[in-house]
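Engineer: Before we start, here is the structure in question, set down as structure tokens.
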Amino acid sequence: MKKSTKGMRPLTFPPNKVFFPVVSHLRVVGAHDNPILEEPMEAAILEPVPASRGTDPRLAQATRLWRYHFDRDPTVRAQGFTGYLKGTPQIPESLIAEDSNLPFLALADPRPGISQICRLLGVYPTVKFANGDLVPFDERHADPARPFWFRHDYGCANCDRRPDECHEQLATGILAGTAMVGLFAIAHNPEILADGMCLDLPGSRRLGIPTRCACIMVVDGEVRLGTWREVQVARPDWGTLRYRLQ
């Protein structure tokens, strides 16, 4: 069930319909320190290829990540788009069929690491964020090391519920969103977020502070990744993202 966003300011899309204003965000976050982002990213500001509506979702979503220059990250080093697509797995048959509870299909490429993924997508992470700041809630929520597919929802079904309670009430095979899953969910399906709303991602906990988990929100049109969400507090416009890998 999609939660009403009446009264909330919707996320404003740039004129070229790209969800993330890639170049400006990357320069603010620190692209100048990243050797693979020294040259202008014209490719990244092209209009994304639709991930459905008659197109091949594998081709479409791999194209989207390629346009964000995932292929040029030192952990990937793909030879152009053909090389990047070759490293993109086929969609598991169990994820191809429509699922009304988890209606969105998304491709994740975790190889660059959370910090670099934020730079590539134009997401503002928590100040002084490092890859090791977030850890899995348990072994089930450990993100795959290689590119993977998943199905996810809006997070609306869990609005006004404590993130720590959502773990206990998920169906078999359904997981609570991780920071990695959340980043790629909004990269491919930005409509799941509106300004002033937040996705709780309790599948990723703050290292050393188990009462805090990851979250993604939009503030004044900027996408932010946080690591400070209190897992024991329910908020009306904050909901836990759910996903499955199979």
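Simple scheme: letters A, B, ... for chains in structure tokens order, numbers from 1 for residues in each chain, numbers from 1 for ligands in the order shown.
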Please identify which residues in segment 78-170 of chain A DSSP calls alpha helix (DSSP H) from the backbone, and express them as a PyMOL selection string.

Structural biologist: chain A and resi 80-86+93-96+114-121+163-169

Engineer: Contacts of Asp237 of chain A at 6 Å or less, counting only C-alpha atoms, minus same-chain residues fewer than 2 places along, as a list in words?

Structural biologist: Cys159, Met197 and Arg235 of chain A

Engineer: List every residue of segment 165-225 of chain A that has an atom at most 10 Å from any atom of segment 154-158 of chain A, giving for each one its closest atom pair and the distance in Å to one decimal, counting only C-alpha atoms, sorted by chain and then by ascending residue number, as JSON lines.

Structural biologist:
{"residue": "A:Glu165", "atom": "CA", "partner": "A:Asn158", "partner_atom": "CA", "distance": 9.6}
{"residue": "A:Cys166", "atom": "CA", "partner": "A:Asn158", "partner_atom": "CA", "distance": 7.4}
{"residue": "A:Ala176", "atom": "CA", "partner": "A:Gly155", "partner_atom": "CA", "distance": 9.6}
{"residue": "A:Gly177", "atom": "CA", "partner": "A:Gly155", "partner_atom": "CA", "distance": 9.0}
{"residue": "A:Ala185", "atom": "CA", "partner": "A:Tyr154", "partner_atom": "CA", "distance": 9.2}
{"residue": "A:Ile186", "atom": "CA", "partner": "A:Tyr154", "partner_atom": "CA", "distance": 9.7}
{"residue": "A:Asn189", "atom": "CA", "partner": "A:Tyr154", "partner_atom": "CA", "distance": 9.4}
{"residue": "A:Glu191", "atom": "CA", "partner": "A:Tyr154", "partner_atom": "CA", "distance": 8.7}
{"residue": "A:Ile192", "atom": "CA", "partner": "A:Tyr154", "partner_atom": "CA", "distance": 5.2}
{"residue": "A:Leu193", "atom": "CA", "partner": "A:Tyr154", "partner_atom": "CA", "distance": 7.9}
{"residue": "A:Met197", "atom": "CA", "partner": "A:Cys156", "partner_atom": "CA", "distance": 9.9}
{"residue": "A:Cys198", "atom": "CA", "partner": "A:Gly155", "partner_atom": "CA", "distance": 8.8}
{"residue": "A:Leu199", "atom": "CA", "partner": "A:Gly155", "partner_atom": "CA", "distance": 6.3}
{"residue": "A:Asp200", "atom": "CA", "partner": "A:Gly155", "partner_atom": "CA", "distance": 7.8}
{"residue": "A:Leu201", "atom": "CA", "partner": "A:Gly155", "partner_atom": "CA", "distance": 9.4}

Engineer: Could you save those same residues with N, CA, C and O atoms as a PDB file, in the first residue's frame?

Structural biologist:
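The file below, result.pdb, is the result:
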ATOM      1  N   GLU A 165      11.450  -3.374  15.345  1.00  0.00           N
ATOM      2  CA  GLU A 165      10.302  -4.278  15.330  1.00  0.00           C
ATOM      3  C   GLU A 165      10.116  -4.931  13.964  1.00  0.00           C
ATOM      4  O   GLU A 165       9.599  -6.040  13.865  1.00  0.00           O
ATOM      5  N   CYS A 166      10.538  -4.251  12.932  1.00  0.00           N
ATOM      6  CA  CYS A 166      10.314  -4.757  11.577  1.00  0.00           C
ATOM      7  C   CYS A 166      11.081  -6.041  11.311  1.00  0.00           C
ATOM      8  O   CYS A 166      10.628  -6.903  10.550  1.00  0.00           O
ATOM      9  N   ALA A 176      15.097  -6.754   5.908  1.00  0.00           N
ATOM     10  CA  ALA A 176      15.020  -5.314   6.130  1.00  0.00           C
ATOM     11  C   ALA A 176      16.145  -4.652   5.346  1.00  0.00           C
ATOM     12  O   ALA A 176      17.267  -5.147   5.308  1.00  0.00           O
ATOM     13  N   GLY A 177      15.848  -3.538   4.710  1.00  0.00           N
ATOM     14  CA  GLY A 177      16.802  -2.888   3.824  1.00  0.00           C
ATOM     15  C   GLY A 177      18.140  -2.581   4.470  1.00  0.00           C
ATOM     16  O   GLY A 177      18.221  -2.220   5.644  1.00  0.00           O
ATOM     17  N   ALA A 185      18.170   1.114  -4.638  1.00  0.00           N
ATOM     18  CA  ALA A 185      16.716   1.193  -4.794  1.00  0.00           C
ATOM     19  C   ALA A 185      16.310   2.577  -5.290  1.00  0.00           C
ATOM     20  O   ALA A 185      15.530   2.714  -6.229  1.00  0.00           O
ATOM     21  N   ILE A 186      16.867   3.632  -4.684  1.00  0.00           N
ATOM     22  CA  ILE A 186      16.486   4.979  -5.110  1.00  0.00           C
ATOM     23  C   ILE A 186      17.197   5.389  -6.397  1.00  0.00           C
ATOM     24  O   ILE A 186      16.702   6.247  -7.130  1.00  0.00           O
ATOM     25  N   ASN A 189      14.777   3.609  -8.843  1.00  0.00           N
ATOM     26  CA  ASN A 189      13.354   3.887  -8.635  1.00  0.00           C
ATOM     27  C   ASN A 189      13.190   5.095  -7.707  1.00  0.00           C
ATOM     28  O   ASN A 189      12.723   4.965  -6.575  1.00  0.00           O
ATOM     29  N   GLU A 191      11.137   7.369  -7.446  1.00  0.00           N
ATOM     30  CA  GLU A 191       9.782   7.761  -7.043  1.00  0.00           C
ATOM     31  C   GLU A 191       9.399   7.257  -5.653  1.00  0.00           C
ATOM     32  O   GLU A 191       8.376   7.668  -5.100  1.00  0.00           O
ATOM     33  N   ILE A 192      10.211   6.369  -5.075  1.00  0.00           N
ATOM     34  CA  ILE A 192       9.862   5.857  -3.747  1.00  0.00           C
ATOM     35  C   ILE A 192      10.147   6.873  -2.648  1.00  0.00           C
ATOM     36  O   ILE A 192       9.729   6.687  -1.508  1.00  0.00           O
ATOM     37  N   LEU A 193      10.845   7.969  -2.984  1.00  0.00           N
ATOM     38  CA  LEU A 193      11.149   8.992  -1.988  1.00  0.00           C
ATOM     39  C   LEU A 193      10.519  10.320  -2.379  1.00  0.00           C
ATOM     40  O   LEU A 193      10.510  10.692  -3.543  1.00  0.00           O
ATOM     41  N   MET A 197      10.416  12.723   3.445  1.00  0.00           N
ATOM     42  CA  MET A 197      10.225  11.325   3.807  1.00  0.00           C
ATOM     43  C   MET A 197      11.572  10.651   4.002  1.00  0.00           C
ATOM     44  O   MET A 197      12.611  11.179   3.603  1.00  0.00           O
ATOM     45  N   CYS A 198      11.560   9.479   4.625  1.00  0.00           N
ATOM     46  CA  CYS A 198      12.799   8.780   4.917  1.00  0.00           C
ATOM     47  C   CYS A 198      12.596   7.279   4.812  1.00  0.00           C
ATOM     48  O   CYS A 198      11.534   6.755   5.172  1.00  0.00           O
ATOM     49  N   LEU A 199      13.608   6.587   4.302  1.00  0.00           N
ATOM     50  CA  LEU A 199      13.625   5.129   4.287  1.00  0.00           C
ATOM     51  C   LEU A 199      14.523   4.641   5.413  1.00  0.00           C
ATOM     52  O   LEU A 199      15.710   4.981   5.465  1.00  0.00           O
ATOM     53  N   ASP A 200      13.958   3.866   6.321  1.00  0.00           N
ATOM     54  CA  ASP A 200      14.758   3.237   7.366  1.00  0.00           C
ATOM     55  C   ASP A 200      15.427   1.994   6.786  1.00  0.00           C
ATOM     56  O   ASP A 200      14.796   1.232   6.042  1.00  0.00           O
ATOM     57  N   LEU A 201      16.677   1.786   7.156  1.00  0.00           N
ATOM     58  CA  LEU A 201      17.450   0.666   6.627  1.00  0.00           C
ATOM     59  C   LEU A 201      18.120  -0.085   7.783  1.00  0.00           C
ATOM     60  O   LEU A 201      19.357  -0.106   7.905  1.00  0.00           O
TER      61      LEU A 201
END

Engineer: Restricting the calculation to only C-alpha atoms, which member of A:Gly239, A:Gly221, A:Pro210, A:Pro163 is positioned closest to Gly196 of chain A?

Structural biologist: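 Comparing A:Gly239, A:Gly221, A:Pro210, A:Pro163 against Gly196 of chain A, the winner is A:Gly221.
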
Engineer: So, with only C-alpha atoms as the atoms that count, which of A:Phe184, A:Tyr68, A:Phe81, A:Tyr124 lies closest to Leu241 of chain A?

Structural biologist: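 Looking at the shortest contact to Leu241 of chain A, the residue is A:Phe184.
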
Engineer: Can you list, as a PDB file with C-alpha atoms, in the first residue's frame, every protein, DNA or RNA residue that comes within 7 Å of segment 230-233 of chain A when you count only C-alpha atoms, leaving out same-chain residues fewer than 3 positions away?

Structural biologist:
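Result saved to result-v7.pdb:
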ATOM      1  CA  ARG A 162      10.038   1.100  15.001  1.00  0.00           C
ATOM      2  CA  PRO A 163      12.854  -0.209  12.775  1.00  0.00           C
ATOM      3  CA  ASP A 164      13.846  -2.852  15.322  1.00  0.00           C
ATOM      4  CA  THR A 211      20.644   1.224  18.675  1.00  0.00           C
ATOM      5  CA  ARG A 212      21.389   3.254  15.525  1.00  0.00           C
ATOM      6  CA  CYS A 213      20.820   2.163  11.925  1.00  0.00           C
TER       7      CYS A 213
END

Engineer: Which residues are near Leu120 of chain A? Cut-off 8 Å, only C-alpha atoms, ignore same chain within fewer than 2 positions. Put them as a list of chain:residue names.

Structural biologist: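 Close residues of Leu120 of chain A: A:Val22, A:Leu26, A:Tyr68, A:His69, A:Phe70, A:Gln116, A:Ile117, A:Cys118, A:Gly122, A:Val123.
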
Engineer: Please list as a list of chain:residue names every residue within 10 Å of Trp66 of chain A, counting only C-alpha atoms and excluding residues in the same chain fewer than 6 positions away.

Structural biologist: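 The residues satisfying every condition are A:Ala43, A:Ala44, A:Ala60, A:Arg72, A:Ala78, A:Gly80, A:Phe81, A:Thr82, A:Tyr84, A:Leu85.
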
Engineer: Write out, as a compact mmCIF listing (two decimals), in the first residue's frame, the residues just selected, with all heavy atoms.

Structural biologist:
# COMPACT_ATOMS: atom_id res chain seq x y z
N ALA A 43 28.42 11.89 -19.49
CA ALA A 43 27.64 10.66 -19.66
C ALA A 43 26.66 10.47 -18.52
O ALA A 43 25.58 9.93 -18.70
CB ALA A 43 28.56 9.46 -19.78
N ALA A 44 27.05 10.91 -17.33
CA ALA A 44 26.22 10.66 -16.17
C ALA A 44 24.98 11.53 -16.13
O ALA A 44 24.04 11.23 -15.40
CB ALA A 44 27.02 10.88 -14.89
N ALA A 60 18.84 -2.01 -19.33
CA ALA A 60 18.50 -0.66 -18.90
C ALA A 60 19.21 -0.28 -17.60
O ALA A 60 19.76 0.82 -17.48
CB ALA A 60 16.99 -0.54 -18.72
N ARG A 72 34.28 2.59 -14.36
CA ARG A 72 35.62 3.17 -14.27
C ARG A 72 36.19 3.12 -12.85
O ARG A 72 37.33 3.55 -12.63
CB ARG A 72 35.59 4.61 -14.77
CG ARG A 72 35.26 4.69 -16.26
CD ARG A 72 35.03 6.12 -16.70
NE ARG A 72 36.16 6.98 -16.37
CZ ARG A 72 36.14 8.30 -16.49
NH1 ARG A 72 35.02 8.90 -16.89
NH2 ARG A 72 37.19 9.02 -16.20
N ALA A 78 36.02 -2.12 -15.89
CA ALA A 78 35.41 -2.75 -17.06
C ALA A 78 35.87 -2.04 -18.32
O ALA A 78 36.17 -0.85 -18.31
CB ALA A 78 33.89 -2.71 -16.96
N GLY A 80 34.71 -0.43 -21.06
CA GLY A 80 33.56 0.21 -21.68
C GLY A 80 32.25 -0.44 -21.26
O GLY A 80 32.19 -1.28 -20.36
N PHE A 81 31.18 -0.04 -21.94
CA PHE A 81 29.87 -0.56 -21.57
C PHE A 81 29.75 -2.06 -21.82
O PHE A 81 29.17 -2.79 -21.02
CB PHE A 81 28.76 0.16 -22.33
CG PHE A 81 27.40 -0.42 -22.03
CD1 PHE A 81 26.82 -0.26 -20.80
CD2 PHE A 81 26.73 -1.17 -22.99
CE1 PHE A 81 25.57 -0.82 -20.50
CE2 PHE A 81 25.49 -1.72 -22.71
CZ PHE A 81 24.92 -1.55 -21.46
N THR A 82 30.32 -2.54 -22.91
CA THR A 82 30.24 -3.97 -23.21
C THR A 82 30.87 -4.79 -22.09
O THR A 82 30.32 -5.81 -21.65
CB THR A 82 30.95 -4.30 -24.54
OG1 THR A 82 30.31 -3.57 -25.59
CG2 THR A 82 30.87 -5.78 -24.84
N TYR A 84 31.22 -3.79 -18.98
CA TYR A 84 30.41 -3.66 -17.76
C TYR A 84 29.18 -4.56 -17.82
O TYR A 84 28.83 -5.22 -16.84
CB TYR A 84 29.99 -2.21 -17.54
CG TYR A 84 29.36 -1.99 -16.19
CD1 TYR A 84 30.12 -2.02 -15.04
CD2 TYR A 84 27.99 -1.79 -16.07
CE1 TYR A 84 29.55 -1.84 -13.79
CE2 TYR A 84 27.40 -1.61 -14.84
CZ TYR A 84 28.18 -1.63 -13.70
OH TYR A 84 27.60 -1.48 -12.45
N LEU A 85 28.54 -4.58 -18.97
CA LEU A 85 27.35 -5.43 -19.13
C LEU A 85 27.72 -6.90 -18.97
O LEU A 85 26.95 -7.68 -18.40
CB LEU A 85 26.71 -5.19 -20.49
CG LEU A 85 25.43 -5.97 -20.78
CD1 LEU A 85 24.32 -5.58 -19.79
CD2 LEU A 85 24.96 -5.74 -22.21

Engineer: Using only C-alpha atoms, which residue out of A:Gln90, A:Ser100, A:Thr178, A:Ser115 lies closest to Val135 of chain A?

Structural biologist: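 Checking each candidate against Val135 of chain A, we get A:Thr178 as the closest.
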
Engineer: Just to confirm, what's the straight-line distance from atom CA of Arg205 of chain A to atom CA of Leu65 of chain A in Å (one decimal)?

Structural biologist: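 Going from atom CA of Arg205 of chain A over to atom CA of Leu65 of chain A, I get 25.8 Å.
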